[in-house]
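Shown next: run-v4.tsv, given as TSV, C-alpha atoms and all ligand atoms.
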```
chain	number	residue	atom	x	y	z
A	186	MET	CA	0.00	0.00	0.00
A	187	ASN	CA	1.55	3.34	-0.93
A	188	ASP	CA	1.70	6.31	1.45
A	189	VAL	CA	-1.27	8.20	0.04
A	190	THR	CA	-3.47	5.08	0.00
A	191	ALA	CA	-2.46	4.50	3.63
A	192	GLN	CA	-3.31	8.12	4.50
A	193	ILE	CA	-6.75	7.80	2.91
A	194	LEU	CA	-7.35	4.65	4.94
A	195	THR	CA	-6.30	6.50	8.08
A	196	CYS	CA	-8.67	9.40	7.28
A	197	LEU	CA	-11.56	7.01	6.61
A	198	SER	CA	-10.94	4.85	9.67
A	199	THR	CA	-10.87	7.81	12.05
A	200	ALA	CA	-13.90	9.60	10.55
A	201	ASP	CA	-17.18	9.34	12.48
A	202	ASP	CA	-19.29	9.59	9.35
A	203	PHE	CA	-19.06	9.82	5.56
A	204	LEU	CA	-16.01	11.78	4.40
A	205	SER	CA	-16.47	13.87	1.28
A	206	GLY	CA	-14.17	13.48	-1.73
A	207	GLU	CA	-13.58	17.23	-1.53
A	208	ARG	CA	-12.36	16.97	2.07
A	209	LEU	CA	-9.99	14.14	1.15
A	210	CYS	CA	-8.65	16.17	-1.80
A	211	GLY	CA	-8.04	19.15	0.51
A	212	THR	CA	-6.43	17.14	3.32
A	213	LEU	CA	-4.09	15.23	1.04
A	214	GLY	CA	-3.54	17.81	-1.71
A	215	ILE	CA	-4.60	15.44	-4.51
A	216	THR	CA	-7.24	15.49	-7.25
A	217	ARG	CA	-10.65	13.80	-7.18
A	218	SER	CA	-9.57	11.23	-9.71
A	219	ALA	CA	-6.53	10.42	-7.58
A	220	VAL	CA	-8.82	9.93	-4.56
A	221	TRP	CA	-10.96	7.57	-6.62
A	222	LYS	CA	-7.88	5.62	-7.74
A	223	HIS	CA	-6.78	5.10	-4.11
A	224	ILE	CA	-10.32	4.09	-3.07
A	225	ARG	CA	-10.26	1.45	-5.83
A	226	GLN	CA	-6.87	0.28	-4.57
A	227	LEU	CA	-8.18	-0.03	-1.01
A	228	ARG	CA	-11.19	-2.02	-2.21
A	229	SER	CA	-8.91	-4.35	-4.15
A	230	GLU	CA	-7.02	-4.96	-0.89
A	231	GLY	CA	-10.20	-6.08	0.85
A	232	TYR	CA	-11.60	-2.88	2.38
A	233	GLN	CA	-15.33	-2.24	2.00
A	234	ILE	CA	-15.91	1.39	1.21
A	235	ASP	CA	-19.41	2.72	0.58
A	236	ALA	CA	-19.60	5.65	-1.86
A	237	VAL	CA	-22.76	7.78	-1.77
A	238	THR	CA	-23.28	10.74	-4.07
A	239	GLY	CA	-23.40	14.00	-2.13
A	240	ARG	CA	-22.02	12.42	1.06
A	241	GLY	CA	-18.70	10.85	0.11
A	242	TYR	CA	-16.98	7.70	1.38
A	243	LEU	CA	-17.58	5.51	4.41
A	244	LEU	CA	-15.32	2.67	5.53
A	245	SER	CA	-17.71	-0.20	6.28
A	246	GLY	CA	-15.40	-3.21	6.32
A	247	ILE	CA	-11.76	-3.65	7.34
A	248	THR	CA	-9.21	-6.43	6.79
A	249	GLY	CA	-7.83	-6.98	10.31
A	250	ARG	CA	-4.27	-6.38	9.15
A	251	PRO	CA	-2.14	-4.32	11.54
A	252	VAL	CA	-1.76	-1.35	9.17
A	253	HIS	CA	-1.67	2.23	10.48
A	254	GLY	CA	-5.22	3.03	9.39
A	255	GLU	CA	-6.60	0.07	11.36
A	256	VAL	CA	-4.42	0.58	14.44
A	257	LEU	CA	-5.07	4.32	14.79
A	258	PRO	CA	-8.71	4.15	16.00
A	259	PHE	CA	-7.45	2.22	19.07
A	260	LEU	CA	-4.36	4.34	19.82
A	261	THR	CA	-4.60	6.61	22.85
A	262	CYS	CA	-0.90	7.27	23.46
A	263	GLN	CA	0.80	10.47	22.36
A	264	ARG	CA	3.96	9.57	20.46
A	265	PHE	CA	4.23	5.86	19.82
A	266	GLY	CA	2.71	4.51	16.62
A	267	THR	CA	2.62	7.86	14.82
A	268	THR	CA	4.46	5.99	12.07
A	269	ILE	CA	3.63	2.35	11.42
A	270	ASP	CA	5.60	0.89	8.56
A	271	TYR	CA	3.63	-2.19	7.42
A	272	HIS	CA	5.09	-5.05	5.36
A	273	ALA	CA	3.11	-8.00	4.01
A	274	LEU	CA	6.35	-10.00	4.29
A	275	ALA	CA	9.57	-8.99	6.03
A	276	THR	CA	12.66	-11.02	6.76
A	277	SER	CA	12.62	-9.67	10.32
A	278	THR	CA	10.95	-6.49	11.60
A	279	ASN	CA	13.93	-6.04	13.95
A	280	MET	CA	16.28	-5.92	10.97
A	281	LEU	CA	14.10	-3.39	9.14
A	282	ALA	CA	13.66	-1.27	12.26
A	283	LYS	CA	17.41	-1.22	12.89
A	284	ALA	CA	18.00	0.05	9.35
A	285	LEU	CA	15.35	2.77	9.88
A	286	ALA	CA	16.84	3.72	13.24
A	287	VAL	CA	20.30	4.08	11.67
A	288	GLU	CA	18.73	6.42	9.10
A	289	GLY	CA	17.31	8.53	11.96
A	290	ALA	CA	13.70	7.32	12.35
A	291	PRO	CA	12.15	8.99	15.40
A	292	GLU	CA	11.39	7.30	18.69
A	293	GLY	CA	8.03	5.57	18.64
A	294	SER	CA	8.24	4.48	15.01
A	295	VAL	CA	6.92	0.96	14.50
A	296	VAL	CA	7.72	-1.65	11.87
A	297	VAL	CA	5.13	-4.41	11.57
A	298	ALA	CA	4.88	-7.43	9.30
A	299	ASP	CA	2.05	-9.77	8.43
A	300	ALA	CA	4.63	-12.56	8.07
A	301	GLN	CA	8.38	-12.93	8.57
A	302	SER	CA	10.69	-15.19	6.59
A	303	GLY	CA	13.59	-14.82	9.06
A	304	GLY	CA	11.95	-13.93	12.39
A	305	LYS	CA	14.62	-13.83	15.10
A	306	GLY	CA	14.28	-15.13	18.63
A	307	ARG	CA	16.68	-14.95	21.56
A	308	MET	CA	19.86	-16.99	21.62
A	309	GLY	CA	20.00	-17.25	17.83
A	310	ARG	CA	16.69	-19.08	17.61
A	311	THR	CA	14.06	-18.63	14.89
A	312	TRP	CA	10.68	-17.02	15.57
A	313	ILE	CA	8.17	-18.91	13.45
A	314	SER	CA	6.05	-16.23	11.78
A	315	PRO	CA	3.20	-17.53	9.60
A	316	PRO	CA	1.07	-14.97	7.67
A	317	ALA	CA	-2.24	-13.34	8.61
A	318	VAL	CA	-2.59	-14.66	12.15
A	319	ASN	CA	-0.10	-13.18	14.60
A	320	LEU	CA	1.63	-9.93	15.50
A	321	TYR	CA	5.29	-9.34	14.67
A	322	PHE	CA	6.49	-5.81	15.27
A	323	SER	CA	9.44	-3.70	16.38
A	324	LEU	CA	9.34	-0.39	18.21
A	325	ILE	CA	12.21	2.09	17.90
A	326	LEU	CA	13.24	3.68	21.20
A	327	ARG	CA	15.91	6.29	21.85
A	328	PRO	CA	16.31	6.30	25.64
A	329	ALA	CA	18.82	8.86	26.91
A	330	VAL	CA	20.26	6.42	29.46
A	331	PRO	CA	23.56	4.56	29.85
A	332	SER	CA	23.48	1.25	27.99
A	333	ILE	CA	23.69	-0.71	31.25
A	334	ARG	CA	20.05	0.22	31.92
A	335	VAL	CA	18.76	-1.04	28.57
A	336	PRO	CA	18.13	-4.67	29.64
A	337	GLN	CA	15.52	-3.27	32.07
A	338	LEU	CA	13.43	-2.37	29.04
A	339	THR	CA	12.66	-6.02	28.36
A	340	LEU	CA	10.96	-6.31	31.75
A	341	LEU	CA	9.13	-3.02	31.25
A	342	LEU	CA	7.83	-4.33	27.93
A	343	ALA	CA	6.77	-7.57	29.57
A	344	VAL	CA	4.66	-5.68	32.12
A	345	ALA	CA	3.11	-3.52	29.37
A	346	LEU	CA	2.38	-6.62	27.28
A	347	ARG	CA	0.71	-8.35	30.17
A	348	ARG	CA	-1.47	-5.29	30.79
A	349	ALA	CA	-2.39	-5.04	27.10
A	350	LEU	CA	-3.25	-8.74	26.88
A	351	THR	CA	-5.48	-8.67	29.93
A	352	GLU	CA	-7.20	-5.49	28.72
A	353	LEU	CA	-7.98	-7.28	25.44
A	354	SER	CA	-8.92	-10.54	27.11
A	355	PRO	CA	-9.85	-9.98	30.77
A	356	GLY	CA	-9.00	-12.88	33.02
A	357	LEU	CA	-6.23	-14.23	30.78
A	358	ALA	CA	-3.76	-15.92	33.15
A	359	ALA	CA	-0.67	-14.42	31.54
A	360	LEU	CA	2.55	-14.61	33.56
A	361	ILE	CA	5.96	-13.08	32.96
A	362	LYS	CA	8.86	-15.49	32.72
A	363	TRP	CA	11.99	-13.47	33.40
A	364	PRO	CA	13.36	-11.88	31.37
A	365	ASN	CA	11.45	-11.86	28.10
A	366	ASP	CA	8.54	-14.27	27.82
A	367	ILE	CA	4.83	-14.17	28.52
A	368	LEU	CA	3.37	-17.59	29.23
A	369	VAL	CA	-0.19	-18.81	29.60
A	370	ASN	CA	-0.82	-22.18	31.22
A	371	GLY	CA	2.88	-22.94	31.00
A	372	LYS	CA	3.12	-22.25	27.26
A	373	LYS	CA	4.75	-19.33	25.51
A	374	LEU	CA	2.41	-16.70	24.06
A	375	CYS	CA	4.81	-13.79	23.45
A	376	GLY	CA	8.52	-13.20	23.17
A	377	ILE	CA	10.56	-10.01	23.33
A	378	LEU	CA	13.89	-9.41	21.62
A	379	CYS	CA	15.57	-6.06	22.34
A	380	GLU	CA	18.59	-5.10	20.29
A	381	MET	CA	20.56	-1.91	20.73
A	382	GLN	CA	23.24	0.27	19.27
A	383	SER	CA	25.16	2.02	22.01
A	384	GLU	CA	28.33	3.19	23.67
A	385	PRO	CA	28.81	2.61	27.41
A	386	GLU	CA	27.61	6.07	28.41
A	387	MET	CA	25.09	6.54	25.64
A	388	THR	CA	22.37	4.51	23.98
A	389	HIS	CA	21.88	5.44	20.33
A	390	PHE	CA	18.73	3.38	19.88
A	391	VAL	CA	16.93	0.25	20.98
A	392	VAL	CA	14.80	-1.88	18.69
A	393	ALA	CA	12.22	-3.66	20.81
A	394	GLY	CA	10.92	-6.64	18.82
A	395	ILE	CA	7.74	-8.30	19.99
A	396	GLY	CA	6.07	-11.44	18.69
A	397	ILE	CA	2.59	-12.40	19.93
A	398	ASN	CA	0.75	-15.54	18.90
A	399	VAL	CA	-2.72	-14.15	18.37
A	400	ASN	CA	-5.06	-16.10	16.09
A	401	GLN	CA	-2.89	-19.08	15.19
A	402	SER	CA	-5.23	-22.08	15.40
A	403	GLU	CA	-2.59	-24.78	15.36
A	404	MET	CA	1.02	-24.87	16.48
A	405	PRO	CA	3.59	-26.79	14.45
A	406	PRO	CA	4.26	-30.24	16.03
A	407	GLU	CA	7.65	-29.18	17.43
A	408	LEU	CA	6.05	-26.24	19.32
A	409	LYS	CA	2.78	-27.88	20.47
A	410	GLU	CA	4.07	-28.65	23.95
A	411	CYS	CA	5.68	-25.29	24.60
A	412	ALA	CA	3.79	-22.58	22.64
A	413	THR	CA	0.23	-21.32	22.53
A	414	SER	CA	-1.87	-18.50	21.06
A	415	LEU	CA	-4.67	-16.28	22.31
A	416	PHE	CA	-7.05	-18.17	20.03
A	417	LEU	CA	-6.01	-21.54	21.48
A	418	GLU	CA	-6.38	-20.24	25.04
A	419	ARG	CA	-9.63	-18.30	24.65
A	420	GLY	CA	-11.38	-20.01	21.73
A	421	GLN	CA	-12.04	-16.77	19.86
A	422	LEU	CA	-10.35	-14.53	17.31
A	423	PHE	CA	-8.82	-11.21	18.38
A	424	SER	CA	-8.16	-7.97	16.50
A	425	ARG	CA	-4.45	-7.65	15.74
A	426	PRO	CA	-4.66	-3.87	15.11
A	427	GLN	CA	-6.37	-3.39	18.47
A	428	LEU	CA	-3.78	-5.50	20.29
A	429	LEU	CA	-0.91	-3.62	18.66
A	430	ALA	CA	-2.47	-0.31	19.76
A	431	LEU	CA	-3.04	-1.59	23.31
A	432	VAL	CA	0.59	-2.64	23.61
A	433	LEU	CA	1.77	0.82	22.49
A	434	ASN	CA	-0.78	2.50	24.80
A	435	HIS	CA	0.65	0.58	27.76
A	436	VAL	CA	4.34	0.84	26.83
A	437	GLU	CA	4.46	4.62	26.36
A	438	PRO	CA	3.51	5.78	29.89
A	439	LEU	CA	5.61	3.09	31.58
A	440	TYR	CA	8.58	4.01	29.40
A	441	ASP	CA	8.17	7.73	30.15
A	442	GLU	CA	8.07	6.98	33.86
A	443	TRP	CA	11.15	4.73	33.60
A	444	LEU	CA	13.10	7.53	31.88
A	445	HIS	CA	12.46	9.71	34.94
A	446	GLN	CA	13.58	7.00	37.37
A	447	ASP	CA	16.97	5.46	38.01
A	448	ASP	CA	15.75	1.87	37.85
A	449	LEU	CA	12.76	-0.46	37.86
A	450	ALA	CA	11.86	0.01	41.54
A	451	PHE	CA	8.53	1.65	40.63
A	452	MET	CA	7.47	-1.46	38.69
A	453	LEU	CA	8.68	-4.19	41.03
A	454	PRO	CA	5.25	-4.87	42.60
A	455	SER	CA	3.76	-5.54	39.13
A	456	LEU	CA	6.76	-7.55	38.01
A	457	GLU	CA	6.74	-9.76	41.10
A	458	GLN	CA	2.95	-10.12	41.13
A	459	TYR	CA	2.97	-11.49	37.59
A	460	SER	CA	6.22	-13.43	37.76
A	461	LEU	CA	5.93	-17.10	36.87
A	462	LEU	CA	9.19	-17.77	38.70
A	463	GLN	CA	8.44	-16.06	42.02
A	464	SER	CA	9.27	-18.40	44.94
A	465	LYS	CA	10.07	-21.25	42.53
A	466	GLU	CA	13.16	-23.40	42.35
A	467	VAL	CA	14.94	-22.72	39.09
A	468	PHE	CA	18.10	-23.32	37.20
A	469	ILE	CA	19.56	-20.67	34.93
A	470	ASP	CA	21.36	-21.73	31.78
A	471	GLN	CA	24.08	-19.19	31.06
A	472	ARG	CA	25.63	-21.38	28.35
A	473	ASN	CA	29.01	-21.62	30.08
A	474	ARG	CA	27.54	-22.29	33.53
A	475	ILE	CA	24.37	-23.30	35.34
A	476	LEU	CA	23.10	-21.46	38.41
A	477	LYS	CA	20.55	-22.98	40.80
A	478	GLY	CA	18.38	-21.47	43.49
A	479	THR	CA	14.98	-20.32	44.68
A	480	VAL	CA	13.65	-17.08	43.19
A	481	THR	CA	13.19	-14.47	45.90
A	482	GLY	CA	12.33	-11.56	43.61
A	483	ILE	CA	13.53	-9.19	40.94
A	484	ALA	CA	16.13	-6.57	41.82
A	485	LYS	CA	15.57	-2.93	40.89
A	486	GLY	CA	18.26	-3.27	38.22
A	487	GLY	CA	16.17	-5.99	36.56
A	488	GLU	CA	18.27	-8.95	37.74
A	489	LEU	CA	16.59	-12.13	38.89
A	490	GLN	CA	17.29	-12.60	42.58
A	491	LEU	CA	17.98	-16.15	43.76
A	492	GLN	CA	18.75	-17.70	47.06
A	493	GLY	CA	21.37	-20.37	46.49
A	494	GLY	CA	21.76	-23.69	48.33
A	495	ASP	CA	24.00	-22.12	50.98
A	496	GLY	CA	21.56	-19.30	51.63
A	497	GLU	CA	23.60	-16.80	49.64
A	498	THR	CA	21.89	-14.20	47.42
A	499	ILE	CA	22.68	-14.48	43.71
A	500	LEU	CA	21.81	-11.72	41.23
A	501	VAL	CA	21.36	-13.08	37.72
A	502	SER	CA	21.55	-10.58	34.88
A	503	SER	CA	21.39	-12.91	31.88
A	504	GLY	CA	20.55	-16.44	30.85
A	505	GLU	CA	17.56	-18.64	30.33
A	506	ALA	CA	15.50	-19.61	33.38
A	507	HIS	CA	13.95	-23.08	33.74
A	508	LEU	CA	11.65	-24.31	36.50
A	509	LEU	CA	13.14	-27.27	38.36
A	510	LYS	CA	9.67	-28.71	39.03
A	511	LYS	CA	6.75	-27.83	36.73
A	601	LIG	C1	12.16	-14.77	21.92
A	601	LIG	O1	11.30	-15.10	22.73
A	601	LIG	O2	13.09	-15.52	21.65
A	601	LIG	C2	12.04	-13.41	21.27
A	601	LIG	C3	11.14	-13.46	20.08
A	601	LIG	C4	10.95	-12.11	19.40
A	601	LIG	C5	10.20	-12.23	18.10
A	601	LIG	C6	9.88	-10.89	17.52
A	601	LIG	S1	8.74	-11.00	16.17
A	601	LIG	C7	9.02	-9.33	15.79
A	601	LIG	C8	10.49	-9.07	15.97
A	601	LIG	N1	11.21	-9.40	14.77
A	601	LIG	C9	12.03	-10.44	14.94
A	601	LIG	O3	12.74	-10.92	14.04
A	601	LIG	N2	11.96	-10.88	16.18
A	601	LIG	C10	11.04	-10.09	16.98
```
Since I need it in another form, could you write the structure as structure tokens?
Amino acid sequence: MNDVTAQILTCLSTADDFLSGERLCGTLGITRSAVWKHIRQLRSEGYQIDAVTGRGYLLSGITGRPVHGEVLPFLTCQRFGTTIDYHALATSTNMLAKALAVEGAPEGSVVVADAQSGGKGRMGRTWISPPAVNLYFSLILRPAVPSIRVPQLTLLLAVALRRALTELSPGLAALIKWPNDILVNGKKLCGILCEMQSEPEMTHFVVAGIGINVNQSEMPPELKECATSLFLERGQLFSRPQLLALVLNHVEPLYDEWLHQDDLAFMLPSLEQYSLLQSKEVFIDQRNRILKGTVTGIAKGGELQLQGGDGETILVSSGEAHLLKK
């Protein structure tokens, strides 16, 4: 969809009533015949648009794709999501967002894809990204903080994601598995992959990549035991544009608050309340070593706090956590 077509969709989706052709011409600085050409394009992409002589155009049917024009009616935040760069197929939204960030894209810009051919997970894994069912997006952030604070963002995003998910589907038993997963009934629903470009004292940008299994009705055999979707948990379809907007609506205020604080202390009650690992015996795989202990909380720096076998406190800043007993 080209920029003008996308702008017409945005105008139509945020209008309360019919929008006249004249108004669209004036807003976008294009001719009537150009407006008509873009309306035809939108219809060919699956949008239902009623045209009534003397009244104009009314959007009466949408596609459910997470494009700007469909996300905007649900957005209530101020800065995030002003730009949503939609791709029917991307290799990885994180890769595209990094390229945009290098070119100077502003904070709050979002790259979203309907499908990914090379979706990236943590630890070099692949994020399976089939078309038309899930959400795959990356948010560009430019926090003016030392790079040592950046890992805290993953936990901030996890809290925002949990809030967004339970706003969309009240009662969803979504828990945060430190540091970057949201699980429901022991299976993974969302993953977060933050990548940054920084110097020790300065963060140039962070690309916060988020994958949420939304309407996927079947998991591939190799993921059946460990992954789930909102559809599989709740037995209904959900609006991807609405969920994307809810995530941005919840991330922005938490992020703004975090920028004014020195650490995550203000969020610890939420983090611990929704932590899957709280008070559990775990082992942490750090590739070159394994740590074991009972989780006693999350430190204000974002580290997982364990009590080891000898009663000592261990602060874990990286690695993959596993429950010793499920
Ligand atoms: C993980 O749990 O391992 C993190 C998964 C992150 C997946 C998302 S999908 C959108 C963005 N683009 C990517 O290539 N990865 C992230």
Compare A:Ala282, A:Met452, A:Leu274, A:Ile469 by their minimum atom-to-atom distance to Lys485 of chain A, counting only C-alpha atoms, and give me the closest one.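 For Lys485 of chain A, the nearest of the candidates is A:Met452.
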Select, counting all atoms listed in the file, all protein, DNA and RNA residues no farther than 10 Å from (1.4, -4.1, 26.3) in file coordinates, and express the selection as a PDB file with C-alpha atoms, keeping the file's coordinate frame.
```
ATOM      1  CA  LEU A 341       9.130  -3.020  31.250  1.00  0.00           C
ATOM      2  CA  LEU A 342       7.830  -4.330  27.930  1.00  0.00           C
ATOM      3  CA  ALA A 343       6.770  -7.570  29.570  1.00  0.00           C
ATOM      4  CA  VAL A 344       4.660  -5.680  32.120  1.00  0.00           C
ATOM      5  CA  ALA A 345       3.110  -3.520  29.370  1.00  0.00           C
ATOM      6  CA  LEU A 346       2.380  -6.620  27.280  1.00  0.00           C
ATOM      7  CA  ARG A 347       0.710  -8.350  30.170  1.00  0.00           C
ATOM      8  CA  ARG A 348      -1.470  -5.290  30.790  1.00  0.00           C
ATOM      9  CA  ALA A 349      -2.390  -5.040  27.100  1.00  0.00           C
ATOM     10  CA  LEU A 350      -3.250  -8.740  26.880  1.00  0.00           C
ATOM     11  CA  THR A 351      -5.480  -8.670  29.930  1.00  0.00           C
ATOM     12  CA  GLU A 352      -7.200  -5.490  28.720  1.00  0.00           C
ATOM     13  CA  LEU A 353      -7.980  -7.280  25.440  1.00  0.00           C
ATOM     14  CA  ILE A 395       7.740  -8.300  19.990  1.00  0.00           C
ATOM     15  CA  LEU A 428      -3.780  -5.500  20.290  1.00  0.00           C
ATOM     16  CA  LEU A 429      -0.910  -3.620  18.660  1.00  0.00           C
ATOM     17  CA  ALA A 430      -2.470  -0.310  19.760  1.00  0.00           C
ATOM     18  CA  LEU A 431      -3.040  -1.590  23.310  1.00  0.00           C
ATOM     19  CA  VAL A 432       0.590  -2.640  23.610  1.00  0.00           C
ATOM     20  CA  LEU A 433       1.770   0.820  22.490  1.00  0.00           C
ATOM     21  CA  ASN A 434      -0.780   2.500  24.800  1.00  0.00           C
ATOM     22  CA  HIS A 435       0.650   0.580  27.760  1.00  0.00           C
ATOM     23  CA  VAL A 436       4.340   0.840  26.830  1.00  0.00           C
ATOM     24  CA  GLU A 437       4.460   4.620  26.360  1.00  0.00           C
ATOM     25  CA  LEU A 439       5.610   3.090  31.580  1.00  0.00           C
TER      26      LEU A 439
END
```
Taking all atoms listed in the file into account, which of A:Arg225, A:Arg307, A:His389, A:Thr481 comes nearest Gly289 of chain A?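 Looking at the shortest contact to Gly289 of chain A, the residue is A:His389.
Non-sequential neighbours of segment 455-459 of chain A (distance at most 8 Å, separation of 6 or more positions within a chain, all atoms listed in the file) are A:Leu340, A:Val344, A:Ala359, A:Leu360, A:Ile361, A:Gly482, A:Ile483.
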With distances taken over only C-alpha atoms, which residue among A:Pro315, A:Gly304, A:Pro438, A:Gly241 lies nearest Ser402 of chain A?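 Comparing A:Pro315, A:Gly304, A:Pro438, A:Gly241 against Ser402 of chain A, the winner is A:Pro315.
Between atom CA of Asp201 of chain A and atom CA of Lys222 of chain A the separation is 22.6 Å.
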Please, which residues in chain A fall within 6 Å of ligand LIG 601 (chain A) when counting all atoms listed in the file, and what is the closest atom pair and distance in Å to one decimal for each, ordered by chain then residue number, as a Markdown table?
```
| residue | atom | partner | partner_atom | distance |
| --- | --- | --- | --- | --- |
| A:Ser277 | CA | A:LIG601 | O3 | 3.9 |
| A:Thr278 | CA | A:LIG601 | N1 | 4.3 |
| A:Asn279 | CA | A:LIG601 | N1 | 4.4 |
| A:Gly304 | CA | A:LIG601 | O3 | 3.5 |
| A:Lys305 | CA | A:LIG601 | O3 | 3.6 |
| A:Gly306 | CA | A:LIG601 | O2 | 3.3 |
| A:Arg307 | CA | A:LIG601 | O2 | 3.6 |
| A:Trp312 | CA | A:LIG601 | C5 | 5.4 |
| A:Tyr321 | CA | A:LIG601 | C7 | 3.9 |
| A:Phe322 | CA | A:LIG601 | C7 | 4.4 |
| A:Ser323 | CA | A:LIG601 | C8 | 5.5 |
| A:Asp366 | CA | A:LIG601 | O1 | 5.8 |
| A:Gly376 | CA | A:LIG601 | O1 | 3.4 |
| A:Ile377 | CA | A:LIG601 | C2 | 4.2 |
| A:Leu378 | CA | A:LIG601 | C2 | 4.4 |
| A:Gly394 | CA | A:LIG601 | C8 | 3.8 |
| A:Ile395 | CA | A:LIG601 | C6 | 4.2 |
| A:Gly396 | CA | A:LIG601 | S1 | 3.7 |
```
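Among the candidates A:Gln263, A:Ser354, A:Ser245, A:Thr268, the one nearest to Ser424 of chain A when counting all atoms listed in the file is A:Ser354.
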What's around Val501 of chain A at 8 Å? Count only C-alpha atoms, leave out sequence neighbours fewer than 6 positions away in its own chain, and write the answer as a ChimeraX atom specification. /A:488-491
What does the file look like for those residues with C-alpha atoms, as a short mmCIF file (atom, residue, chain, number, x, y, z; two decimals), in the frame of the given file?
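Saved the output as part20.cif:
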```
data_model
loop_
_atom_site.label_atom_id
_atom_site.label_comp_id
_atom_site.auth_asym_id
_atom_site.auth_seq_id
_atom_site.Cartn_x
_atom_site.Cartn_y
_atom_site.Cartn_z
CA GLU A 488 18.27 -8.95 37.74
CA LEU A 489 16.59 -12.13 38.89
CA GLN A 490 17.29 -12.60 42.58
CA LEU A 491 17.98 -16.15 43.76
#
```
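Considering the residues A:Leu227, A:Tyr440, A:Leu449, A:Trp363 and counting all atoms listed in the file, Val467 of chain A has its shortest atom-to-atom contact with A:Trp363.
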For a test of reading the model, state the distance in Å between atom CA of Pro328 of chain A and atom CA of Val295 of chain A, rounded to one decimal.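 Here the two named atoms are 15.5 Å from each other.
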At a cut-off of 6 Å from (-6.8, -4.7, 13.2) in the coordinates of the file, what residues are picked up using only C-alpha atoms, written as number ranges by chain? A: 249-251, 255-256, 424-427
Pick the closest to Leu415 of chain A from A:Phe468, A:Asn473, A:Thr388, A:Asn319: which is it, counting all atoms listed in the file?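 For Leu415 of chain A, the nearest of the candidates is A:Asn319.
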Figure out the distance between atom CA of Phe265 of chain A and atom CA of Leu197 of chain A, please, to one decimal in Å. 20.6 Å
Using only C-alpha atoms, which protein or nucleic acid residues come within 10 Å of Ile475 of chain A? Drop anything in the same chain fewer than 4 positions from it, and give the result as a list in words. Phe468, Ile469, Asp470, Gln471, Gly504, Glu505 and Ala506 of chain A
